[in-house]
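Structure file run_35.cif (mmCIF, C-alpha atoms) is printed below.
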data_work
#
loop_
_atom_site.label_atom_id
_atom_site.label_comp_id
_atom_site.auth_asym_id
_atom_site.auth_seq_id
_atom_site.Cartn_x
_atom_site.Cartn_y
_atom_site.Cartn_z
CA MET A 215 53.46 -11.85 21.35
CA PRO A 216 52.14 -8.29 21.02
CA GLU A 217 48.68 -7.77 22.39
CA ASN A 218 47.18 -6.00 19.38
CA PHE A 219 48.19 -8.88 17.09
CA ILE A 220 45.84 -11.27 18.89
CA ALA A 221 43.03 -8.69 19.10
CA THR A 222 42.89 -8.07 15.35
CA LYS A 223 43.10 -11.72 14.48
CA PHE A 224 40.26 -12.54 16.84
CA ASN A 225 38.23 -9.76 15.28
CA HIS A 226 39.03 -11.23 11.89
CA ILE A 227 37.89 -14.72 12.84
CA LEU A 228 34.69 -13.35 14.42
CA GLY A 229 33.96 -11.45 11.23
CA TRP A 230 34.63 -14.55 9.17
CA ALA A 231 32.28 -16.62 11.34
CA ARG A 232 29.55 -14.02 11.39
CA LYS A 233 29.58 -13.24 7.70
CA TYR A 234 29.08 -16.89 6.76
CA SER A 235 26.33 -17.62 9.29
CA LEU A 236 23.77 -14.92 8.62
CA PHE A 237 20.32 -15.98 9.75
CA HIS A 238 17.97 -13.74 7.87
CA TYR A 239 14.49 -12.55 8.58
CA PRO A 240 12.61 -11.61 5.42
CA TYR A 241 10.26 -8.69 5.98
CA ILE A 242 8.34 -8.94 2.73
CA THR A 243 5.59 -6.49 1.87
CA ALA A 244 5.51 -6.27 -1.92
CA CYS A 245 6.45 -7.66 -5.32
CA CYS A 246 10.21 -7.71 -4.61
CA GLY A 247 9.32 -10.71 -2.45
CA MET A 248 9.12 -12.79 -5.62
CA GLU A 249 12.75 -12.00 -6.36
CA TYR A 250 13.66 -12.79 -2.77
CA MET A 251 11.93 -16.18 -3.05
CA SER A 252 13.80 -16.96 -6.21
CA THR A 253 17.06 -15.89 -4.54
CA ALA A 254 16.42 -18.04 -1.50
CA CYS A 255 15.35 -21.16 -3.40
CA ALA A 256 17.45 -23.73 -5.19
CA HIS A 257 17.90 -21.95 -8.51
CA PHE A 258 20.00 -19.07 -7.22
CA ASP A 259 20.49 -20.57 -3.78
CA ILE A 260 21.41 -18.03 -1.14
CA ASP A 261 22.68 -20.95 0.95
CA ARG A 262 25.89 -20.99 -1.10
CA PHE A 263 26.86 -17.80 0.73
CA GLY A 264 26.02 -19.01 4.21
CA ALA A 265 22.73 -17.16 4.52
CA GLY A 266 20.47 -20.12 3.88
CA TRP A 267 18.63 -20.19 7.16
CA THR A 268 15.44 -18.20 7.12
CA ARG A 269 14.28 -17.56 10.65
CA PHE A 270 10.69 -16.52 10.96
CA SER A 271 11.36 -14.96 14.30
CA PRO A 272 13.33 -11.71 14.57
CA ARG A 273 14.73 -12.90 17.90
CA GLN A 274 16.69 -15.66 16.21
CA SER A 275 17.95 -13.72 13.21
CA ASP A 276 20.73 -11.24 12.62
CA LEU A 277 20.04 -10.00 9.09
CA LEU A 278 16.82 -8.12 8.42
CA LEU A 279 15.84 -8.07 4.76
CA VAL A 280 13.37 -5.27 4.14
CA VAL A 281 11.81 -6.32 0.86
CA GLY A 282 9.15 -4.02 -0.55
CA THR A 283 7.17 -0.87 0.08
CA ILE A 284 6.94 0.30 3.68
CA SER A 285 3.87 2.42 4.26
CA GLN A 286 3.45 4.89 7.11
CA LYS A 287 1.15 2.41 8.83
CA GLN A 288 3.73 -0.35 8.42
CA ALA A 289 6.64 1.70 9.85
CA PRO A 290 5.93 1.12 13.58
CA ILE A 291 5.71 -2.64 12.96
CA LEU A 292 9.04 -2.65 11.15
CA LYS A 293 10.58 -0.70 14.03
CA ILE A 294 9.29 -3.27 16.54
CA VAL A 295 10.68 -6.15 14.46
CA TYR A 296 14.08 -4.43 14.28
CA ASP A 297 14.13 -3.73 18.01
CA GLN A 298 13.36 -7.37 18.76
CA MET A 299 16.46 -8.59 16.92
CA THR A 300 19.47 -9.32 19.10
CA GLU A 301 22.90 -7.85 18.47
CA PRO A 302 24.83 -8.18 16.26
CA LYS A 303 22.36 -7.26 13.54
CA TRP A 304 22.42 -5.93 10.03
CA VAL A 305 19.76 -4.54 7.72
CA MET A 306 19.53 -4.86 3.96
CA ALA A 307 17.04 -2.67 2.06
CA ILE A 308 16.01 -4.51 -1.10
CA GLY A 309 14.24 -2.78 -3.97
CA ALA A 310 13.61 0.83 -4.94
CA CYS A 311 10.72 1.24 -2.49
CA ALA A 312 12.68 0.11 0.54
CA VAL A 313 15.70 2.17 -0.53
CA SER A 314 13.97 5.48 -1.30
CA GLY A 315 10.21 5.04 -1.53
CA GLY A 316 10.56 4.35 -5.25
CA ILE A 317 7.77 5.63 -7.44
CA TYR A 318 5.53 6.16 -4.44
CA ASP A 319 6.30 9.77 -3.57
CA ASN A 320 2.99 10.26 -1.80
CA TYR A 321 1.10 10.51 1.48
CA ALA A 322 1.17 6.81 2.27
CA VAL A 323 4.74 5.62 1.82
CA VAL A 324 7.90 6.02 3.92
CA GLN A 325 10.62 7.51 1.71
CA GLY A 326 13.23 4.88 2.42
CA VAL A 327 13.41 2.55 5.40
CA ASP A 328 16.48 4.41 6.66
CA GLN A 329 13.96 6.91 8.02
CA VAL A 330 12.79 4.19 10.40
CA ILE A 331 15.77 1.93 11.10
CA PRO A 332 19.50 2.12 10.29
CA VAL A 333 20.36 0.37 7.01
CA ASP A 334 23.68 -1.32 6.23
CA ILE A 335 23.31 -2.03 2.54
CA TYR A 336 21.02 -0.79 -0.20
CA VAL A 337 20.05 -2.99 -3.14
CA PRO A 338 18.44 -0.94 -5.92
CA GLY A 339 16.19 -2.21 -8.70
CA CYS A 340 12.50 -2.40 -9.40
CA PRO A 341 12.49 -5.25 -8.64
CA PRO A 342 16.17 -6.19 -8.23
CA ARG A 343 17.20 -9.40 -9.95
CA PRO A 344 18.44 -12.25 -7.74
CA GLU A 345 22.01 -11.67 -8.93
CA ILE A 346 22.04 -8.14 -7.53
CA ILE A 347 20.55 -9.33 -4.24
CA LEU A 348 23.36 -11.87 -3.99
CA ASP A 349 25.84 -9.14 -4.92
CA GLY A 350 24.43 -7.02 -2.10
CA LEU A 351 24.85 -9.96 0.25
CA LEU A 352 28.50 -10.37 -0.79
CA LYS A 353 29.12 -6.66 -0.21
CA LEU A 354 27.49 -6.93 3.19
CA GLN A 355 29.77 -9.86 3.98
CA ASP A 356 32.77 -7.71 3.07
CA LYS A 357 31.44 -5.04 5.39
CA ILE A 358 30.96 -7.52 8.24
CA GLN A 359 34.46 -8.88 7.71
CA LYS A 360 35.98 -5.42 7.99
CA GLN A 361 33.97 -4.05 10.87
CA LYS A 362 34.97 -4.08 14.52
CA HIS A 363 33.12 -6.79 16.41
CA ASP A 364 32.05 -6.75 20.01
CA TRP A 365 32.60 -10.28 21.11
CA ARG A 366 31.63 -9.81 24.74
CA TRP A 367 28.15 -8.78 25.72
CA LYS A 368 28.44 -5.04 25.96
CA LYS A 369 26.19 -3.22 28.35
CA ARG A 370 24.54 -0.44 26.44
CA LYS A 371 23.47 2.76 28.06
CA SER A 372 19.85 3.24 27.14
CA MET B 110 -32.62 -5.28 -25.12
CA GLU B 111 -31.07 -2.69 -27.34
CA LYS B 112 -28.35 -0.31 -26.26
CA LYS B 113 -30.39 2.84 -26.52
CA LYS B 114 -33.41 1.35 -24.86
CA ILE B 115 -32.25 1.17 -21.24
CA LEU B 116 -31.06 4.78 -21.25
CA ASP B 117 -34.32 5.95 -22.82
CA GLU B 118 -36.38 4.00 -20.34
CA ILE B 119 -34.52 5.49 -17.40
CA GLU B 120 -35.06 8.94 -18.85
CA GLN B 121 -38.76 8.28 -19.31
CA ALA B 122 -39.15 6.87 -15.81
CA PHE B 123 -37.31 9.74 -14.11
CA PRO B 124 -37.56 12.74 -16.43
CA GLU B 125 -36.73 15.34 -13.77
CA LYS B 126 -33.92 13.33 -12.14
CA VAL B 127 -31.81 12.47 -15.18
CA LEU B 128 -29.50 15.24 -16.37
CA GLU B 129 -27.92 13.50 -19.31
CA THR B 130 -27.49 10.11 -20.90
CA SER B 131 -24.65 9.11 -23.18
CA ALA B 132 -22.75 6.05 -24.37
CA PRO B 133 -19.08 6.95 -24.86
CA PHE B 134 -17.17 3.99 -26.39
CA GLY B 135 -20.40 2.04 -26.10
CA GLU B 136 -20.44 2.34 -22.29
CA GLU B 137 -23.85 3.49 -21.19
CA THR B 138 -23.74 6.36 -18.74
CA VAL B 139 -26.47 8.16 -16.84
CA GLU B 140 -25.90 11.46 -15.08
CA LEU B 141 -28.28 12.05 -12.21
CA ARG B 142 -29.20 14.94 -9.97
CA PRO B 143 -27.87 14.52 -6.43
CA GLY B 144 -30.49 12.90 -4.24
CA ALA B 145 -31.96 10.80 -7.04
CA LEU B 146 -29.54 7.92 -6.65
CA LEU B 147 -31.43 5.56 -4.36
CA LYS B 148 -34.71 5.70 -6.29
CA VAL B 149 -33.07 5.12 -9.67
CA VAL B 150 -30.92 2.27 -8.39
CA GLU B 151 -33.90 0.57 -6.77
CA PHE B 152 -35.72 0.88 -10.09
CA LEU B 153 -32.78 -0.67 -11.95
CA ARG B 154 -32.44 -3.56 -9.52
CA LYS B 155 -35.92 -4.79 -10.33
CA LYS B 156 -37.09 -6.71 -13.38
CA PRO B 157 -36.65 -6.45 -16.32
CA TYR B 158 -33.19 -4.90 -15.76
CA GLU B 159 -31.92 -6.77 -12.71
CA PHE B 160 -28.76 -4.75 -12.13
CA THR B 161 -28.04 -6.81 -9.03
CA MET B 162 -24.29 -6.31 -8.75
CA LEU B 163 -22.36 -3.25 -7.60
CA LEU B 164 -19.02 -3.49 -9.37
CA ASP B 165 -17.36 -0.36 -8.13
CA LEU B 166 -18.03 2.94 -6.52
CA THR B 167 -15.57 5.76 -6.54
CA CYS B 168 -15.12 9.50 -6.63
CA VAL B 169 -13.27 11.95 -8.88
CA ASP B 170 -12.16 15.40 -7.79
CA PHE B 171 -12.45 18.28 -10.28
CA PRO B 172 -11.34 21.33 -8.27
CA GLU B 173 -12.14 23.78 -11.10
CA ARG B 174 -15.84 22.86 -11.14
CA ASP B 175 -18.50 24.31 -8.87
CA GLU B 176 -19.71 20.81 -8.08
CA ARG B 177 -16.26 19.42 -7.64
CA PHE B 178 -16.86 15.83 -6.57
CA GLU B 179 -18.14 13.43 -9.17
CA MET B 180 -19.33 10.12 -7.77
CA VAL B 181 -19.14 7.23 -10.21
CA TYR B 182 -21.05 3.97 -9.77
CA HIS B 183 -20.65 0.92 -11.96
CA ILE B 184 -23.43 -1.64 -11.76
CA TYR B 185 -23.84 -4.90 -13.59
CA SER B 186 -26.82 -6.95 -14.66
CA LEU B 187 -26.17 -10.68 -14.51
CA ALA B 188 -29.47 -11.36 -16.32
CA LEU B 189 -28.69 -9.10 -19.28
CA ASN B 190 -24.88 -9.30 -19.10
CA ARG B 191 -24.68 -5.53 -19.25
CA ARG B 192 -22.99 -2.76 -17.38
CA LEU B 193 -24.21 0.70 -16.53
CA ARG B 194 -22.37 3.74 -15.22
CA ILE B 195 -24.11 6.25 -12.98
CA LYS B 196 -22.60 9.66 -12.24
CA LEU B 197 -23.55 12.33 -9.74
CA SER B 198 -21.91 15.69 -9.10
CA LEU B 199 -21.65 17.06 -5.57
CA PRO B 200 -20.59 20.50 -4.33
CA GLU B 201 -17.89 20.71 -1.66
CA ASP B 202 -20.06 22.25 1.05
CA LYS B 203 -22.76 19.62 0.58
CA ALA B 204 -20.70 16.58 -0.26
CA SER B 205 -23.10 13.95 0.96
CA LEU B 206 -25.45 11.47 -0.66
CA ASP B 207 -27.47 8.36 0.11
CA SER B 208 -25.62 5.25 1.14
CA LEU B 209 -26.16 2.11 -0.92
CA THR B 210 -25.48 -0.21 2.03
CA PRO B 211 -29.16 -1.21 2.37
CA LEU B 212 -29.02 -2.58 -1.17
CA TRP B 213 -25.47 -3.95 -1.40
CA LYS B 214 -23.26 -5.22 1.39
CA ASN B 215 -20.06 -4.43 -0.51
CA ALA B 216 -21.03 -0.77 -0.69
CA ASN B 217 -19.99 -0.58 2.96
CA TRP B 218 -16.24 -0.67 2.39
CA LEU B 219 -16.37 1.08 -0.98
CA GLU B 220 -18.14 4.01 0.63
CA ARG B 221 -15.69 3.99 3.51
CA GLU B 222 -12.89 4.24 0.96
CA ALA B 223 -14.54 7.19 -0.80
CA PHE B 224 -15.07 8.87 2.55
CA ASP B 225 -11.47 8.26 3.58
CA MET B 226 -9.92 9.53 0.35
CA PHE B 227 -12.30 12.38 -0.56
CA GLY B 228 -14.38 13.21 2.50
CA VAL B 229 -17.70 12.47 0.83
CA ARG B 230 -20.32 11.59 3.42
CA PHE B 231 -22.87 8.81 2.97
CA GLU B 232 -26.13 9.19 4.81
CA GLY B 233 -27.44 5.99 6.31
CA HIS B 234 -24.06 4.26 6.34
CA PRO B 235 -23.83 2.02 9.42
CA ASP B 236 -20.15 2.60 10.20
CA LEU B 237 -18.60 5.52 8.31
CA ARG B 238 -14.97 5.38 9.43
CA ARG B 239 -11.71 5.66 7.52
CA LEU B 240 -10.78 2.49 5.69
CA PHE B 241 -7.12 2.87 4.66
CA MET B 242 -5.63 5.73 6.64
CA ASN B 243 -5.26 5.71 10.40
CA GLU B 244 -7.90 7.30 12.60
CA ASP B 245 -5.77 10.34 13.46
CA PHE B 246 -5.06 11.20 9.82
CA LYS B 247 -5.83 14.83 9.00
CA GLY B 248 -7.47 15.65 5.68
CA HIS B 249 -8.38 13.51 2.72
CA PRO B 250 -5.34 12.50 0.67
CA LEU B 251 -6.88 12.16 -2.80
CA ARG B 252 -8.38 15.64 -2.79
CA LYS B 253 -6.41 17.83 -5.15
CA GLU B 254 -5.65 20.40 -2.45
CA TYR B 255 -3.86 17.82 -0.30
CA PRO B 256 -0.13 18.69 -0.56
CA LEU B 257 1.75 16.12 -2.64
CA ARG B 258 4.63 15.74 -0.21
CA LYS B 259 2.75 16.10 3.06
CA ARG B 260 3.53 13.18 5.36
CA GLN B 261 1.81 12.21 8.58
CA PRO B 262 4.12 9.60 10.12
CA LEU B 263 2.94 7.45 13.01
CA ILE B 264 6.38 7.26 14.64
CA PRO B 265 9.10 9.91 14.69
CA LEU B 266 11.24 9.42 11.58
CA ARG B 267 15.03 9.42 11.50
CA LYS B 268 16.90 11.63 9.09
CA SER B 269 18.09 9.73 6.05
CA PRO B 270 21.90 9.58 6.13
#

As structure tokens, what does this structure read like?
Amino acid sequence: MPENFIATKFNHILGWARKYSLFHYPYITACCGMEYMSTACAHFDIDRFGAGWTRFSPRQSDLLLVVGTISQKQAPILKIVYDQMTEPKWVMAIGACAVSGGIYDNYAVVQGVDQVIPVDIYVPGCPPRPEIILDGLLKLQDKIQKQKHDWRWKKRKS
Amino acid sequence: MEKKKILDEIEQAFPEKVLETSAPFGEETVELRPGALLKVVEFLRKKPYEFTMLLDLTCVDFPERDERFEMVYHIYSLALNRRLRIKLSLPEDKASLDSLTPLWKNANWLEREAFDMFGVRFEGHPDLRRLFMNEDFKGHPLRKEYPLRKRQPLIPLRKSP
């Protein structure tokens, strides 16, 4: 059996396992949180896509949902929360403010959370409807499925 | 008490301190000379007016005027169920006026906000620090000369991809 055959299949099965077991940490600062709540609860039910477990500790979660406006004073806190998460981890920016700063082009607001932490998927809308948040989740799952997974603990040079 | 009466009575009580009285859209407004605030407000807090509630206190910046900062106070009389607006104009080099903290506890944070956003100083304030922005913030963001896109981040920012 060729070696690369096993390697890709294992990567595939890791991706499949990871994409359907996303533990998310909602970092909610503004009105988009209402849409997140509706997405997470029974009506739209994010649990259908394997992301039903909300962990209120960044150390136990692997999907960071940045929901709402991030001000300059909030940015260091968000950075600390992201750094506390263990690998593998993904970030979803939900809502116009998290994506680009939205209407708040002023002294107080970070113009997109990608200025603070790396973002995997952007969900636009002001606020985005639950359907588009779920669509973003599905696209993130596609991304996780396709990406190359480190399945051994990799020592990172810091 | 009739609409006109309160304004007239204030004018009669402080003829040299009141610049103008008006009632645009039925909202009674008194414009005072700077420095007259505390005396007039103390007068209005007493009977028969009993303006015992400070609803809001804020500042407006008019950069084209000589006296560019206009302080606006809204007070409310629970006894009469009436509101009154007080305005004062301040020049930039002498942007300071009496604090209302001895009269109202909530003036503390409202005045801190006005100081933070506009740099107006309040004499007699017990703890005049910034309220919203961080301590190291340079300038006053709601002044018209503050650049619209000037950012003062607390951590080094990445470049957006």

9 Å contacts from chain A to chain B using only C-alpha atoms, as a PyMOL selection string: chain A and resi 286-287+289-290+319-332

For Pro302 of chain A: contacts at 9 Å, only C-alpha atoms, fewer than 6 positions along chain excluded, given as a PyMOL selection string: chain A and resi 232+276-277+363-364

Using C-alpha atoms, can you export the residues from the last selection as a PDB file, in the frame of the given file?
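Final file, part34.pdb:
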ATOM      1  CA  ARG A 232      29.550 -14.020  11.390  1.00  0.00           C
ATOM      2  CA  ASP A 276      20.730 -11.240  12.620  1.00  0.00           C
ATOM      3  CA  LEU A 277      20.040 -10.000   9.090  1.00  0.00           C
ATOM      4  CA  HIS A 363      33.120  -6.790  16.410  1.00  0.00           C
ATOM      5  CA  ASP A 364      32.050  -6.750  20.010  1.00  0.00           C
TER       6      ASP A 364
END

Contacts of His238 of chain A at 12 Å (all atoms listed in the file; same-chain gap of 3+ positions) as a ChimeraX atom specification: /A:233-235,241-242,250,254,260-261,264-281,296,299,303-306,351

Test item: the PyMOL selection byres ((chain A and resi 228) around 12) resolved as JSON, numbers by chain: {"A": [221, 222, 223, 224, 225, 226, 227, 229, 230, 231, 232, 233, 234, 235, 302, 358, 359, 360, 361, 362, 363, 364, 365, 366]}

Residue neighbourhood Asp202 of chain B, 12 Å, only C-alpha atoms, exclusion window fewer than 6 positions, as a list in words: Asp175, Glu176, Arg177, Phe178, Gly228, Val229 and Arg230 of chain B

Determine the residue membership of the PyMOL selection byres ((chain B and resi 165) around 8) for the file above and supply it as a PDB file with C-alpha atoms, in the coordinates of the input.
ATOM      1  CA  LEU B 163     -22.360  -3.250  -7.600  1.00  0.00           C
ATOM      2  CA  LEU B 164     -19.020  -3.490  -9.370  1.00  0.00           C
ATOM      3  CA  LEU B 166     -18.030   2.940  -6.520  1.00  0.00           C
ATOM      4  CA  THR B 167     -15.570   5.760  -6.540  1.00  0.00           C
ATOM      5  CA  TYR B 182     -21.050   3.970  -9.770  1.00  0.00           C
ATOM      6  CA  HIS B 183     -20.650   0.920 -11.960  1.00  0.00           C
ATOM      7  CA  ILE B 184     -23.430  -1.640 -11.760  1.00  0.00           C
ATOM      8  CA  LEU B 219     -16.370   1.080  -0.980  1.00  0.00           C
TER       9      LEU B 219
END

Spatial neighbours of Lys196 of chain B, 7 Å, all atoms listed in the file, chain gap at least 3 places, as JSON, numbers by chain: {"B": [139, 140, 141, 179, 180, 181, 182]}

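Evaluating the PyMOL selection byres ((chain B and resi 186-192) around 9) against the shown model yields Met110, Glu136, Glu137, Arg154, Pro157, Tyr158, Glu159, Phe160, Thr161, Met162, Leu164, His183, Ile184, Tyr185, Leu193 and Arg194 of chain B.
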
So that I can see what lies close to Arg174 of chain B, please list as an mmCIF file with C-alpha atoms, in the frame of the given file the residues with an atom at most 12 Å from it, counting all atoms listed in the file and leaving out residues fewer than 6 positions away in the same chain.
data_model
loop_
_atom_site.group_PDB
_atom_site.id
_atom_site.type_symbol
_atom_site.label_atom_id
_atom_site.label_comp_id
_atom_site.auth_asym_id
_atom_site.auth_seq_id
_atom_site.Cartn_x
_atom_site.Cartn_y
_atom_site.Cartn_z
ATOM 1 C CA SER B 198 -21.910 15.690 -9.100
ATOM 2 C CA LEU B 199 -21.650 17.060 -5.570
ATOM 3 C CA PRO B 200 -20.590 20.500 -4.330
ATOM 4 C CA GLU B 201 -17.890 20.710 -1.660
#

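Atom pair atom CA of Pro240 of chain A / atom CA of Ile317 of chain A has a distance of 22.0 Å (rounded to one decimal).
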
Distance of atom CA of Glu151 of chain B from atom CA of Pro124 of chain B, expressed in Å to one decimal place: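 Taking atom CA of Pro124 of chain B and atom CA of Glu151 of chain B, their separation equals 16.0 Å.
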
Using the file's own x, y and z axes, so that the box edges lie along x, y and z, what centre and edge lengths in Å (one decimal) does a box around every listed atom of segment 298-311 of chain A get when 3 Å is added on each side? Give it as lines of an AutoDock Vina configuration file.
center_x = 17.8
center_y = -4.0
center_z = 7.1
size_x = 20.1
size_y = 16.6
size_z = 30.0

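Take atom CA of Val295 of chain A and atom CA of Ser252 of chain A: the distance between them is 23.5 Å.
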
Residue nearest Leu146 of chain B among B:Ile115, B:Ala132, B:Leu197, B:Ala204 (counting only C-alpha atoms):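 Comparing B:Ile115, B:Ala132, B:Leu197, B:Ala204 against Leu146 of chain B, the winner is B:Leu197.
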
Nearest-residue call for Ala216 of chain B, choices B:Glu244, B:Lys203, B:Pro235, B:His249, using only C-alpha atoms: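 Once distances to Ala216 of chain B are computed over only C-alpha atoms, the minimum belongs to B:Pro235.
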